[in-house]
file upload-v2.pdb (PDB, C-alpha atoms)
ATOM      1  CA  MET A   1     115.454-130.644 -15.596  1.00  0.00           C
ATOM      2  CA  ALA A   2     111.763-130.174 -16.259  1.00  0.00           C
ATOM      3  CA  TYR A   3     109.159-130.887 -13.600  1.00  0.00           C
ATOM      4  CA  ILE A   4     107.005-133.987 -14.162  1.00  0.00           C
ATOM      5  CA  PRO A   5     103.818-134.445 -12.078  1.00  0.00           C
ATOM      6  CA  ARG A   6     103.668-137.384  -9.679  1.00  0.00           C
ATOM      7  CA  LEU A   7     100.618-138.969 -11.327  1.00  0.00           C
ATOM      8  CA  LYS A   8     102.155-138.753 -14.794  1.00  0.00           C
ATOM      9  CA  THR A   9     105.236-140.710 -13.750  1.00  0.00           C
ATOM     10  CA  GLU A  10     103.024-143.183 -11.877  1.00  0.00           C
ATOM     11  CA  TYR A  11     100.943-143.674 -15.044  1.00  0.00           C
ATOM     12  CA  LYS A  12     104.037-144.330 -17.165  1.00  0.00           C
ATOM     13  CA  GLU A  13     105.709-146.663 -14.660  1.00  0.00           C
ATOM     14  CA  ARG A  14     102.870-148.584 -12.977  1.00  0.00           C
ATOM     15  CA  VAL A  15      99.400-147.918 -14.420  1.00  0.00           C
ATOM     16  CA  ALA A  16     100.230-148.524 -18.093  1.00  0.00           C
ATOM     17  CA  ALA A  17     101.860-151.875 -17.298  1.00  0.00           C
ATOM     18  CA  SER A  18      98.947-152.894 -15.087  1.00  0.00           C
ATOM     19  CA  LEU A  19      96.377-152.038 -17.786  1.00  0.00           C
ATOM     20  CA  LYS A  20      98.422-153.810 -20.471  1.00  0.00           C
ATOM     21  CA  GLU A  21      98.479-156.949 -18.349  1.00  0.00           C
ATOM     22  CA  GLU A  22      94.778-156.736 -17.342  1.00  0.00           C
ATOM     23  CA  PHE A  23      93.376-156.271 -20.857  1.00  0.00           C
ATOM     24  CA  GLY A  24      96.108-158.063 -22.836  1.00  0.00           C
ATOM     25  CA  TYR A  25      97.051-155.246 -25.193  1.00  0.00           C
ATOM     26  CA  ASN A  26      99.622-156.122 -27.864  1.00  0.00           C
ATOM     27  CA  ASN A  27     100.710-152.560 -28.586  1.00  0.00           C
ATOM     28  CA  VAL A  28     101.518-149.794 -26.082  1.00  0.00           C
ATOM     29  CA  MET A  29      99.443-147.371 -28.179  1.00  0.00           C
ATOM     30  CA  GLU A  30      96.303-149.375 -27.307  1.00  0.00           C
ATOM     31  CA  ILE A  31      96.669-148.635 -23.598  1.00  0.00           C
ATOM     32  CA  PRO A  32      94.018-146.058 -22.583  1.00  0.00           C
ATOM     33  CA  LYS A  33      95.202-142.745 -21.238  1.00  0.00           C
ATOM     34  CA  LEU A  34      93.654-139.614 -19.832  1.00  0.00           C
ATOM     35  CA  GLN A  35      93.356-137.033 -22.635  1.00  0.00           C
ATOM     36  CA  LYS A  36      91.770-134.044 -20.878  1.00  0.00           C
ATOM     37  CA  ILE A  37      89.725-132.906 -17.903  1.00  0.00           C
ATOM     38  CA  VAL A  38      86.952-130.365 -18.500  1.00  0.00           C
ATOM     39  CA  LEU A  39      85.487-128.398 -15.586  1.00  0.00           C
ATOM     40  CA  SER A  40      82.260-126.536 -16.268  1.00  0.00           C
ATOM     41  CA  ARG A  41      79.851-124.542 -14.183  1.00  0.00           C
ATOM     42  CA  GLY A  42      76.529-123.025 -15.105  1.00  0.00           C
ATOM     43  CA  VAL A  43      75.707-119.613 -13.679  1.00  0.00           C
ATOM     44  CA  GLY A  44      72.078-119.113 -14.643  1.00  0.00           C
ATOM     45  CA  ALA A  45      71.620-116.192 -12.227  1.00  0.00           C
ATOM     46  CA  ALA A  46      74.186-114.250 -14.279  1.00  0.00           C
ATOM     47  CA  VAL A  47      71.337-113.086 -16.538  1.00  0.00           C
ATOM     48  CA  ALA A  48      70.297-110.675 -13.765  1.00  0.00           C
ATOM     49  CA  ASP A  49      73.716-109.976 -12.191  1.00  0.00           C
ATOM     50  CA  LYS A  50      76.791-109.768 -14.461  1.00  0.00           C
ATOM     51  CA  LYS A  51      79.261-109.879 -11.552  1.00  0.00           C
ATOM     52  CA  LEU A  52      78.402-113.513 -10.831  1.00  0.00           C
ATOM     53  CA  ILE A  53      80.232-114.539 -14.007  1.00  0.00           C
ATOM     54  CA  ASP A  54      83.341-112.658 -12.841  1.00  0.00           C
ATOM     55  CA  TYR A  55      83.223-114.416  -9.446  1.00  0.00           C
ATOM     56  CA  ALA A  56      82.807-117.788 -11.141  1.00  0.00           C
ATOM     57  CA  LEU A  57      85.695-117.058 -13.540  1.00  0.00           C
ATOM     58  CA  ASP A  58      87.971-116.084 -10.635  1.00  0.00           C
ATOM     59  CA  GLU A  59      87.064-119.167  -8.598  1.00  0.00           C
ATOM     60  CA  MET A  60      87.517-121.558 -11.516  1.00  0.00           C
ATOM     61  CA  THR A  61      90.863-119.947 -12.399  1.00  0.00           C
ATOM     62  CA  THR A  62      91.999-120.262  -8.767  1.00  0.00           C
ATOM     63  CA  ILE A  63      90.965-123.919  -8.540  1.00  0.00           C
ATOM     64  CA  THR A  64      92.597-125.055 -11.787  1.00  0.00           C
ATOM     65  CA  GLY A  65      95.552-122.698 -12.157  1.00  0.00           C
ATOM     66  CA  GLN A  66      94.476-121.973 -15.733  1.00  0.00           C
ATOM     67  CA  LYS A  67      92.398-119.087 -17.066  1.00  0.00           C
ATOM     68  CA  ALA A  68      88.708-119.932 -17.299  1.00  0.00           C
ATOM     69  CA  VAL A  69      86.510-118.789 -20.185  1.00  0.00           C
ATOM     70  CA  ALA A  70      82.879-117.707 -20.110  1.00  0.00           C
ATOM     71  CA  THR A  71      80.404-119.802 -22.077  1.00  0.00           C
ATOM     72  CA  LEU A  72      77.798-117.897 -24.059  1.00  0.00           C
ATOM     73  CA  SER A  73      74.148-118.734 -24.701  1.00  0.00           C
ATOM     74  CA  LYS A  74      73.417-120.099 -28.157  1.00  0.00           C
ATOM     75  CA  LYS A  75      69.890-118.787 -28.595  1.00  0.00           C
ATOM     76  CA  ASP A  76      67.260-116.455 -27.162  1.00  0.00           C
ATOM     77  CA  VAL A  77      64.927-117.788 -24.463  1.00  0.00           C
ATOM     78  CA  ALA A  78      62.266-115.245 -23.648  1.00  0.00           C
ATOM     79  CA  SER A  79      60.932-116.985 -20.530  1.00  0.00           C
ATOM     80  CA  PHE A  80      64.405-116.797 -18.916  1.00  0.00           C
ATOM     81  CA  LYS A  81      65.030-113.229 -20.210  1.00  0.00           C
ATOM     82  CA  LEU A  82      68.053-114.638 -22.022  1.00  0.00           C
ATOM     83  CA  ARG A  83      69.562-113.208 -25.194  1.00  0.00           C
ATOM     84  CA  LYS A  84      71.881-114.947 -27.645  1.00  0.00           C
ATOM     85  CA  GLY A  85      75.522-114.339 -26.749  1.00  0.00           C
ATOM     86  CA  MET A  86      75.002-113.603 -23.036  1.00  0.00           C
ATOM     87  CA  PRO A  87      77.509-115.262 -20.656  1.00  0.00           C
ATOM     88  CA  ILE A  88      75.755-118.011 -18.667  1.00  0.00           C
ATOM     89  CA  GLY A  89      78.598-120.260 -17.479  1.00  0.00           C
ATOM     90  CA  VAL A  90      82.313-120.896 -17.193  1.00  0.00           C
ATOM     91  CA  LYS A  91      84.579-123.720 -18.288  1.00  0.00           C
ATOM     92  CA  VAL A  92      88.223-124.789 -18.255  1.00  0.00           C
ATOM     93  CA  THR A  93      89.873-127.545 -20.297  1.00  0.00           C
ATOM     94  CA  LEU A  94      93.000-129.009 -18.693  1.00  0.00           C
ATOM     95  CA  ARG A  95      95.575-131.024 -20.618  1.00  0.00           C
ATOM     96  CA  GLY A  96      99.114-132.240 -19.973  1.00  0.00           C
ATOM     97  CA  GLU A  97     100.865-131.406 -16.696  1.00  0.00           C
ATOM     98  CA  ARG A  98      98.042-129.216 -15.346  1.00  0.00           C
ATOM     99  CA  MET A  99      95.572-132.057 -15.911  1.00  0.00           C
ATOM    100  CA  TYR A 100      97.646-134.504 -13.845  1.00  0.00           C
ATOM    101  CA  GLU A 101      98.256-131.894 -11.127  1.00  0.00           C
ATOM    102  CA  PHE A 102      94.528-131.142 -10.873  1.00  0.00           C
ATOM    103  CA  LEU A 103      93.619-134.854 -10.723  1.00  0.00           C
ATOM    104  CA  ASP A 104      96.204-135.385  -7.983  1.00  0.00           C
ATOM    105  CA  ARG A 105      94.795-132.494  -5.912  1.00  0.00           C
ATOM    106  CA  LEU A 106      91.210-133.647  -6.528  1.00  0.00           C
ATOM    107  CA  VAL A 107      91.899-137.197  -5.311  1.00  0.00           C
ATOM    108  CA  THR A 108      94.244-136.475  -2.416  1.00  0.00           C
ATOM    109  CA  VAL A 109      92.893-133.194  -1.021  1.00  0.00           C
ATOM    110  CA  ALA A 110      89.477-132.124  -2.343  1.00  0.00           C
ATOM    111  CA  LEU A 111      87.373-135.316  -2.407  1.00  0.00           C
ATOM    112  CA  PRO A 112      88.267-136.317   1.192  1.00  0.00           C
ATOM    113  CA  ARG A 113      86.889-132.926   2.313  1.00  0.00           C
ATOM    114  CA  VAL A 114      83.380-133.816   1.077  1.00  0.00           C
ATOM    115  CA  ARG A 115      80.993-134.452   3.981  1.00  0.00           C
ATOM    116  CA  ASP A 116      80.150-138.130   4.576  1.00  0.00           C
ATOM    117  CA  PHE A 117      82.283-139.198   1.623  1.00  0.00           C
ATOM    118  CA  GLN A 118      81.797-142.867   0.717  1.00  0.00           C
ATOM    119  CA  GLY A 119      83.394-142.798  -2.741  1.00  0.00           C
ATOM    120  CA  ILE A 120      82.193-141.639  -6.149  1.00  0.00           C
ATOM    121  CA  LYS A 121      79.479-143.419  -8.105  1.00  0.00           C
ATOM    122  CA  ALA A 122      80.545-145.719 -10.925  1.00  0.00           C
ATOM    123  CA  SER A 123      77.414-144.842 -12.912  1.00  0.00           C
ATOM    124  CA  GLY A 124      78.853-141.671 -14.456  1.00  0.00           C
ATOM    125  CA  PHE A 125      80.294-143.353 -17.548  1.00  0.00           C
ATOM    126  CA  ASP A 126      78.842-142.422 -20.940  1.00  0.00           C
ATOM    127  CA  GLY A 127      79.432-145.652 -22.886  1.00  0.00           C
ATOM    128  CA  ARG A 128      82.442-144.299 -24.790  1.00  0.00           C
ATOM    129  CA  GLY A 129      85.029-144.365 -22.007  1.00  0.00           C
ATOM    130  CA  ASN A 130      84.424-140.897 -20.548  1.00  0.00           C
ATOM    131  CA  TYR A 131      83.420-140.202 -16.940  1.00  0.00           C
ATOM    132  CA  ASN A 132      81.316-137.343 -15.550  1.00  0.00           C
ATOM    133  CA  LEU A 133      81.444-136.285 -11.921  1.00  0.00           C
ATOM    134  CA  GLY A 134      79.282-133.664 -10.245  1.00  0.00           C
ATOM    135  CA  ILE A 135      80.502-131.696  -7.237  1.00  0.00           C
ATOM    136  CA  THR A 136      77.913-129.865  -5.154  1.00  0.00           C
ATOM    137  CA  GLU A 137      80.178-127.388  -3.324  1.00  0.00           C
ATOM    138  CA  GLN A 138      83.208-125.572  -4.705  1.00  0.00           C
ATOM    139  CA  ILE A 139      84.533-124.997  -1.152  1.00  0.00           C
ATOM    140  CA  ILE A 140      85.996-128.517  -0.996  1.00  0.00           C
ATOM    141  CA  PHE A 141      89.020-127.139  -2.851  1.00  0.00           C
ATOM    142  CA  PRO A 142      91.561-125.667  -0.402  1.00  0.00           C
ATOM    143  CA  GLU A 143      92.435-122.849  -2.846  1.00  0.00           C
ATOM    144  CA  ILE A 144      89.012-121.270  -2.251  1.00  0.00           C
ATOM    145  CA  ASN A 145      88.784-118.884   0.686  1.00  0.00           C
ATOM    146  CA  ILE A 146      85.419-119.609   2.316  1.00  0.00           C
ATOM    147  CA  ASP A 147      85.093-116.031   3.619  1.00  0.00           C
ATOM    148  CA  LYS A 148      85.224-114.608   0.076  1.00  0.00           C
ATOM    149  CA  VAL A 149      82.646-116.990  -1.434  1.00  0.00           C
ATOM    150  CA  ASN A 150      79.436-115.124  -2.246  1.00  0.00           C
ATOM    151  CA  LYS A 151      77.381-118.204  -3.183  1.00  0.00           C
ATOM    152  CA  ILE A 152      78.058-121.911  -2.748  1.00  0.00           C
ATOM    153  CA  SER A 153      77.563-123.711  -6.030  1.00  0.00           C
ATOM    154  CA  GLY A 154      78.768-126.862  -7.716  1.00  0.00           C
ATOM    155  CA  MET A 155      80.475-127.839 -10.927  1.00  0.00           C
ATOM    156  CA  ASP A 156      80.738-130.704 -13.369  1.00  0.00           C
ATOM    157  CA  ILE A 157      84.032-132.461 -14.038  1.00  0.00           C
ATOM    158  CA  THR A 158      84.432-134.578 -17.180  1.00  0.00           C
ATOM    159  CA  PHE A 159      87.333-136.997 -17.577  1.00  0.00           C
ATOM    160  CA  VAL A 160      87.935-137.707 -21.277  1.00  0.00           C
ATOM    161  CA  THR A 161      89.958-140.870 -21.893  1.00  0.00           C
ATOM    162  CA  SER A 162      91.135-142.733 -24.960  1.00  0.00           C
ATOM    163  CA  ALA A 163      89.490-145.933 -23.654  1.00  0.00           C
ATOM    164  CA  GLN A 164      87.051-147.707 -25.972  1.00  0.00           C
ATOM    165  CA  THR A 165      84.805-149.147 -23.238  1.00  0.00           C
ATOM    166  CA  ASP A 166      83.571-148.081 -19.816  1.00  0.00           C
ATOM    167  CA  LYS A 167      85.307-151.051 -18.192  1.00  0.00           C
ATOM    168  CA  GLU A 168      88.696-149.929 -19.516  1.00  0.00           C
ATOM    169  CA  ALA A 169      88.017-146.330 -18.461  1.00  0.00           C
ATOM    170  CA  LYS A 170      86.962-147.366 -14.942  1.00  0.00           C
ATOM    171  CA  SER A 171      90.117-149.454 -14.634  1.00  0.00           C
ATOM    172  CA  LEU A 172      92.265-146.525 -15.794  1.00  0.00           C
ATOM    173  CA  LEU A 173      90.647-143.972 -13.477  1.00  0.00           C
ATOM    174  CA  GLY A 174      90.665-146.407 -10.569  1.00  0.00           C
ATOM    175  CA  GLU A 175      94.398-147.018 -11.067  1.00  0.00           C
ATOM    176  CA  LEU A 176      94.983-143.255 -11.186  1.00  0.00           C
ATOM    177  CA  GLY A 177      93.357-142.990  -7.753  1.00  0.00           C
ATOM    178  CA  LEU A 178      89.685-142.068  -8.215  1.00  0.00           C
ATOM    179  CA  PRO A 179      87.890-143.653  -5.233  1.00  0.00           C
ATOM    180  CA  PHE A 180      84.907-145.508  -6.726  1.00  0.00           C
ATOM    181  CA  LYS A 181      82.242-146.931  -4.395  1.00  0.00           C
ATOM    182  CA  LYS A 182      82.475-150.654  -3.785  1.00  0.00           C
ATOM    183  CA  ASP A 183      79.463-152.472  -5.267  1.00  0.00           C
TER     184      ASP A 183
END
call {"tool": "encode", "arguments": {"input": "upload-v2.pdb", "output": "structure tokens"}}
result
Amino acid sequence: MAYIPRLKTEYKERVAASLKEEFGYNNVMEIPKLQKIVLSRGVGAAVADKKLIDYALDEMTTITGQKAVATLSKKDVASFKLRKGMPIGVKVTLRGERMYEFLDRLVTVALPRVRDFQGIKASGFDGRGNYNLGITEQIIFPEINIDKVNKISGMDITFVTSAQTDKEAKSLLGELGLPFKKD
């Protein structure tokens, strides 16, 4: 028997029914679902030191359990001593089981480790049903060994949903466990 993540079964059994009832969908295909999670991290100092990209790739791969890829600059910027095609960041796109596993770890383990955590802001929606979240320290993830971190830096996490509106997306992500601040 194949392994199914806890959040995926919870979505199928509880969240989908709750959303269908809340928004009055006629068809199950209308119910919004999480399509992918994209983690990205800019490493601007990598222009001077190439090893910073390798450290960032290793950390991102450790956090997500999927190989990270380096993002390359698109054009030359003389004032930053940047050439086209130089690696200046890292990203990972999670789909399927890994996406649900990462979301589960983010909500249950990583976010509670943030200092003075009050919840995440509800202002990160883009108007099309996607949510962006910024994390200031990568050491909130338990997979990262603090002793081996050479520089504390943050990352951006984007939740891409099939929701048409921000209200539907907030409902979906809230049901999946993202702790939004109370207004």
call {"tool": "resolve_selection", "arguments": {"input": "upload-v2.pdb", "expression": "the PyMOL selection byres ((chain A and resi 126-129) around 10)", "output": "JSON, numbers by chain"}}
result
{"A": [32, 123, 124, 125, 130, 131, 132, 159, 160, 161, 162, 163, 164, 165, 166, 167, 168, 169, 170, 172]}
call {"tool": "residues_around", "arguments": {"input": "upload-v2.pdb", "residues": "region 7-18 of chain A", "least_positions_apart": "4", "cutoff": "7 Å", "atoms": "all atoms listed in the file", "output": "PyMOL selection string"}}
result
chain A and resi 22+31+100+104+175
call {"tool": "axis_aligned_box", "arguments": {"input": "upload-v2.pdb", "around": "region 94-102 of chain A", "padding_each_side": "4 Å", "output": "lines of an AutoDock Vina configuration file"}}
result
center_x = 96.9
center_y = -131.8
center_z = -15.7
size_x = 15.9
size_y = 13.5
size_z = 17.7
call {"tool": "residues_around", "arguments": {"input": "upload-v2.pdb", "residues": "Lys148 (chain A)", "least_positions_apart": "5", "cutoff": "12 Å", "atoms": "all atoms listed in the file", "output": "ChimeraX atom specification"}}
result
/A:55-56,58-59,139,143
call {"tool": "resolve_selection", "arguments": {"input": "upload-v2.pdb", "expression": "the PyMOL selection byres ((chain A and resi 37) around 10)", "output": "list in words"}}
result
Leu34, Gln35, Lys36, Val38, Leu39, Ser40, Val92, Thr93, Leu94, Arg95, Gly96, Arg98, Met99, Tyr100, Phe102, Leu103, Asn130, Tyr131, Asn132, Ile157, Thr158, Phe159, Val160 and Thr161 of chain A
call {"tool": "closest_residue", "arguments": {"input": "upload-v2.pdb", "among": "A:Lys81, A:Lys20, A:Lys151, A:Lys50", "to": "Thr136 (chain A)", "atoms": "all atoms listed in the file"}}
result
A:Lys151
call {"tool": "resolve_selection", "arguments": {"input": "upload-v2.pdb", "expression": "the PyMOL selection byres ((chain A and resi 113) around 12)", "output": "list in words"}}
result
Arg105, Leu106, Val107, Thr108, Val109, Ala110, Leu111, Pro112, Val114, Arg115, Asp116, Phe117, Gln118, Gly119, Ile135, Glu137, Gln138, Ile139, Ile140, Phe141 and Pro142 of chain A
call {"tool": "write_last_selection", "arguments": {"input": "upload-v2.pdb", "atoms": "C-alpha atoms", "output": "mmCIF file, in the coordinates of the input"}}
result
data_model
loop_
_atom_site.group_PDB
_atom_site.id
_atom_site.type_symbol
_atom_site.label_atom_id
_atom_site.label_comp_id
_atom_site.auth_asym_id
_atom_site.auth_seq_id
_atom_site.Cartn_x
_atom_site.Cartn_y
_atom_site.Cartn_z
ATOM 1 C CA ARG A 105 94.795 -132.494 -5.912
ATOM 2 C CA LEU A 106 91.210 -133.647 -6.528
ATOM 3 C CA VAL A 107 91.899 -137.197 -5.311
ATOM 4 C CA THR A 108 94.244 -136.475 -2.416
ATOM 5 C CA VAL A 109 92.893 -133.194 -1.021
ATOM 6 C CA ALA A 110 89.477 -132.124 -2.343
ATOM 7 C CA LEU A 111 87.373 -135.316 -2.407
ATOM 8 C CA PRO A 112 88.267 -136.317 1.192
ATOM 9 C CA VAL A 114 83.380 -133.816 1.077
ATOM 10 C CA ARG A 115 80.993 -134.452 3.981
ATOM 11 C CA ASP A 116 80.150 -138.130 4.576
ATOM 12 C CA PHE A 117 82.283 -139.198 1.623
ATOM 13 C CA GLN A 118 81.797 -142.867 0.717
ATOM 14 C CA GLY A 119 83.394 -142.798 -2.741
ATOM 15 C CA ILE A 135 80.502 -131.696 -7.237
ATOM 16 C CA GLU A 137 80.178 -127.388 -3.324
ATOM 17 C CA GLN A 138 83.208 -125.572 -4.705
ATOM 18 C CA ILE A 139 84.533 -124.997 -1.152
ATOM 19 C CA ILE A 140 85.996 -128.517 -0.996
ATOM 20 C CA PHE A 141 89.020 -127.139 -2.851
ATOM 21 C CA PRO A 142 91.561 -125.667 -0.402
#
call {"tool": "atom_distance", "arguments": {"input": "upload-v2.pdb", "atom1": "CA of Gly65 (chain A)", "atom2": "CA of Ala2 (chain A)"}}
result
18.3 Å
call {"tool": "closest_residue", "arguments": {"input": "upload-v2.pdb", "among": "A:Val90, A:Leu178, A:Val77, A:Ile152", "to": "Arg41 (chain A)", "atoms": "all atoms listed in the file"}}
result
A:Val90
call {"tool": "atom_distance", "arguments": {"input": "upload-v2.pdb", "atom1": "CA of Leu72 (chain A)", "atom2": "CA of Gly85 (chain A)"}}
result
5.0 Å
call {"tool": "atom_distance", "arguments": {"input": "upload-v2.pdb", "atom1": "CA of Glu101 (chain A)", "atom2": "CA of Gln66 (chain A)"}}
result
11.6 Å
call {"tool": "build_atoms", "arguments": {"input": "upload-v2.pdb", "residues": "region 38-59 of chain A", "atoms": "N, CA, C and O atoms", "output": "PDB file, in the coordinates of the input"}}
result
ATOM      1  N   VAL A  38      87.712-131.586 -18.248  1.00  0.00           N
ATOM      2  CA  VAL A  38      86.952-130.365 -18.500  1.00  0.00           C
ATOM      3  C   VAL A  38      86.110-130.056 -17.269  1.00  0.00           C
ATOM      4  O   VAL A  38      85.327-130.881 -16.826  1.00  0.00           O
ATOM      5  N   LEU A  39      86.302-128.863 -16.707  1.00  0.00           N
ATOM      6  CA  LEU A  39      85.487-128.398 -15.586  1.00  0.00           C
ATOM      7  C   LEU A  39      84.524-127.359 -16.119  1.00  0.00           C
ATOM      8  O   LEU A  39      84.938-126.434 -16.811  1.00  0.00           O
ATOM      9  N   SER A  40      83.241-127.505 -15.806  1.00  0.00           N
ATOM     10  CA  SER A  40      82.260-126.536 -16.268  1.00  0.00           C
ATOM     11  C   SER A  40      81.300-126.212 -15.141  1.00  0.00           C
ATOM     12  O   SER A  40      81.065-127.030 -14.244  1.00  0.00           O
ATOM     13  N   ARG A  41      80.745-125.016 -15.225  1.00  0.00           N
ATOM     14  CA  ARG A  41      79.851-124.542 -14.183  1.00  0.00           C
ATOM     15  C   ARG A  41      78.832-123.599 -14.800  1.00  0.00           C
ATOM     16  O   ARG A  41      79.215-122.632 -15.463  1.00  0.00           O
ATOM     17  N   GLY A  42      77.582-123.892 -14.608  1.00  0.00           N
ATOM     18  CA  GLY A  42      76.529-123.025 -15.105  1.00  0.00           C
ATOM     19  C   GLY A  42      76.198-121.955 -14.082  1.00  0.00           C
ATOM     20  O   GLY A  42      76.098-122.230 -12.895  1.00  0.00           O
ATOM     21  N   VAL A  43      76.052-120.733 -14.557  1.00  0.00           N
ATOM     22  CA  VAL A  43      75.707-119.613 -13.679  1.00  0.00           C
ATOM     23  C   VAL A  43      74.458-118.962 -14.273  1.00  0.00           C
ATOM     24  O   VAL A  43      74.537-117.923 -14.922  1.00  0.00           O
ATOM     25  N   GLY A  44      73.318-119.597 -14.061  1.00  0.00           N
ATOM     26  CA  GLY A  44      72.078-119.113 -14.643  1.00  0.00           C
ATOM     27  C   GLY A  44      71.643-117.767 -14.101  1.00  0.00           C
ATOM     28  O   GLY A  44      71.006-116.981 -14.798  1.00  0.00           O
ATOM     29  N   ALA A  45      72.002-117.465 -12.841  1.00  0.00           N
ATOM     30  CA  ALA A  45      71.620-116.192 -12.227  1.00  0.00           C
ATOM     31  C   ALA A  45      72.399-115.022 -12.817  1.00  0.00           C
ATOM     32  O   ALA A  45      72.097-113.861 -12.517  1.00  0.00           O
ATOM     33  N   ALA A  46      73.374-115.305 -13.677  1.00  0.00           N
ATOM     34  CA  ALA A  46      74.186-114.250 -14.279  1.00  0.00           C
ATOM     35  C   ALA A  46      73.386-113.412 -15.269  1.00  0.00           C
ATOM     36  O   ALA A  46      73.841-112.348 -15.689  1.00  0.00           O
ATOM     37  N   VAL A  47      72.196-113.870 -15.644  1.00  0.00           N
ATOM     38  CA  VAL A  47      71.337-113.086 -16.538  1.00  0.00           C
ATOM     39  C   VAL A  47      70.954-111.781 -15.839  1.00  0.00           C
ATOM     40  O   VAL A  47      70.929-110.715 -16.456  1.00  0.00           O
ATOM     41  N   ALA A  48      70.684-111.863 -14.536  1.00  0.00           N
ATOM     42  CA  ALA A  48      70.297-110.675 -13.765  1.00  0.00           C
ATOM     43  C   ALA A  48      71.505-109.907 -13.232  1.00  0.00           C
ATOM     44  O   ALA A  48      71.485-108.674 -13.187  1.00  0.00           O
ATOM     45  N   ASP A  49      72.556-110.618 -12.811  1.00  0.00           N
ATOM     46  CA  ASP A  49      73.716-109.976 -12.191  1.00  0.00           C
ATOM     47  C   ASP A  49      74.995-110.392 -12.921  1.00  0.00           C
ATOM     48  O   ASP A  49      75.429-111.540 -12.828  1.00  0.00           O
ATOM     49  N   LYS A  50      75.606-109.463 -13.650  1.00  0.00           N
ATOM     50  CA  LYS A  50      76.791-109.768 -14.461  1.00  0.00           C
ATOM     51  C   LYS A  50      78.026-110.094 -13.625  1.00  0.00           C
ATOM     52  O   LYS A  50      78.943-110.760 -14.104  1.00  0.00           O
ATOM     53  N   LYS A  51      78.078-109.646 -12.375  1.00  0.00           N
ATOM     54  CA  LYS A  51      79.261-109.879 -11.552  1.00  0.00           C
ATOM     55  C   LYS A  51      79.408-111.342 -11.152  1.00  0.00           C
ATOM     56  O   LYS A  51      80.503-111.778 -10.817  1.00  0.00           O
ATOM     57  N   LEU A  52      78.323-112.098 -11.197  1.00  0.00           N
ATOM     58  CA  LEU A  52      78.402-113.513 -10.831  1.00  0.00           C
ATOM     59  C   LEU A  52      79.318-114.288 -11.774  1.00  0.00           C
ATOM     60  O   LEU A  52      80.006-115.217 -11.366  1.00  0.00           O
ATOM     61  N   ILE A  53      79.325-113.902 -13.037  1.00  0.00           N
ATOM     62  CA  ILE A  53      80.232-114.539 -14.007  1.00  0.00           C
ATOM     63  C   ILE A  53      81.689-114.252 -13.635  1.00  0.00           C
ATOM     64  O   ILE A  53      82.541-115.140 -13.687  1.00  0.00           O
ATOM     65  N   ASP A  54      81.973-113.009 -13.235  1.00  0.00           N
ATOM     66  CA  ASP A  54      83.341-112.658 -12.841  1.00  0.00           C
ATOM     67  C   ASP A  54      83.789-113.461 -11.627  1.00  0.00           C
ATOM     68  O   ASP A  54      84.924-113.936 -11.565  1.00  0.00           O
ATOM     69  N   TYR A  55      82.898-113.608 -10.621  1.00  0.00           N
ATOM     70  CA  TYR A  55      83.223-114.416  -9.446  1.00  0.00           C
ATOM     71  C   TYR A  55      83.493-115.862  -9.843  1.00  0.00           C
ATOM     72  O   TYR A  55      84.455-116.477  -9.372  1.00  0.00           O
ATOM     73  N   ALA A  56      82.639-116.399 -10.701  1.00  0.00           N
ATOM     74  CA  ALA A  56      82.807-117.788 -11.141  1.00  0.00           C
ATOM     75  C   ALA A  56      84.111-117.970 -11.921  1.00  0.00           C
ATOM     76  O   ALA A  56      84.817-118.966 -11.750  1.00  0.00           O
ATOM     77  N   LEU A  57      84.433-117.003 -12.787  1.00  0.00           N
ATOM     78  CA  LEU A  57      85.695-117.058 -13.540  1.00  0.00           C
ATOM     79  C   LEU A  57      86.888-117.049 -12.592  1.00  0.00           C
ATOM     80  O   LEU A  57      87.834-117.834 -12.767  1.00  0.00           O
ATOM     81  N   ASP A  58      86.860-116.166 -11.590  1.00  0.00           N
ATOM     82  CA  ASP A  58      87.971-116.084 -10.635  1.00  0.00           C
ATOM     83  C   ASP A  58      88.123-117.377  -9.847  1.00  0.00           C
ATOM     84  O   ASP A  58      89.245-117.868  -9.654  1.00  0.00           O
ATOM     85  N   GLU A  59      86.997-117.931  -9.380  1.00  0.00           N
ATOM     86  CA  GLU A  59      87.064-119.167  -8.598  1.00  0.00           C
ATOM     87  C   GLU A  59      87.587-120.328  -9.435  1.00  0.00           C
ATOM     88  O   GLU A  59      88.437-121.085  -8.975  1.00  0.00           O
TER      89      GLU A  59
END
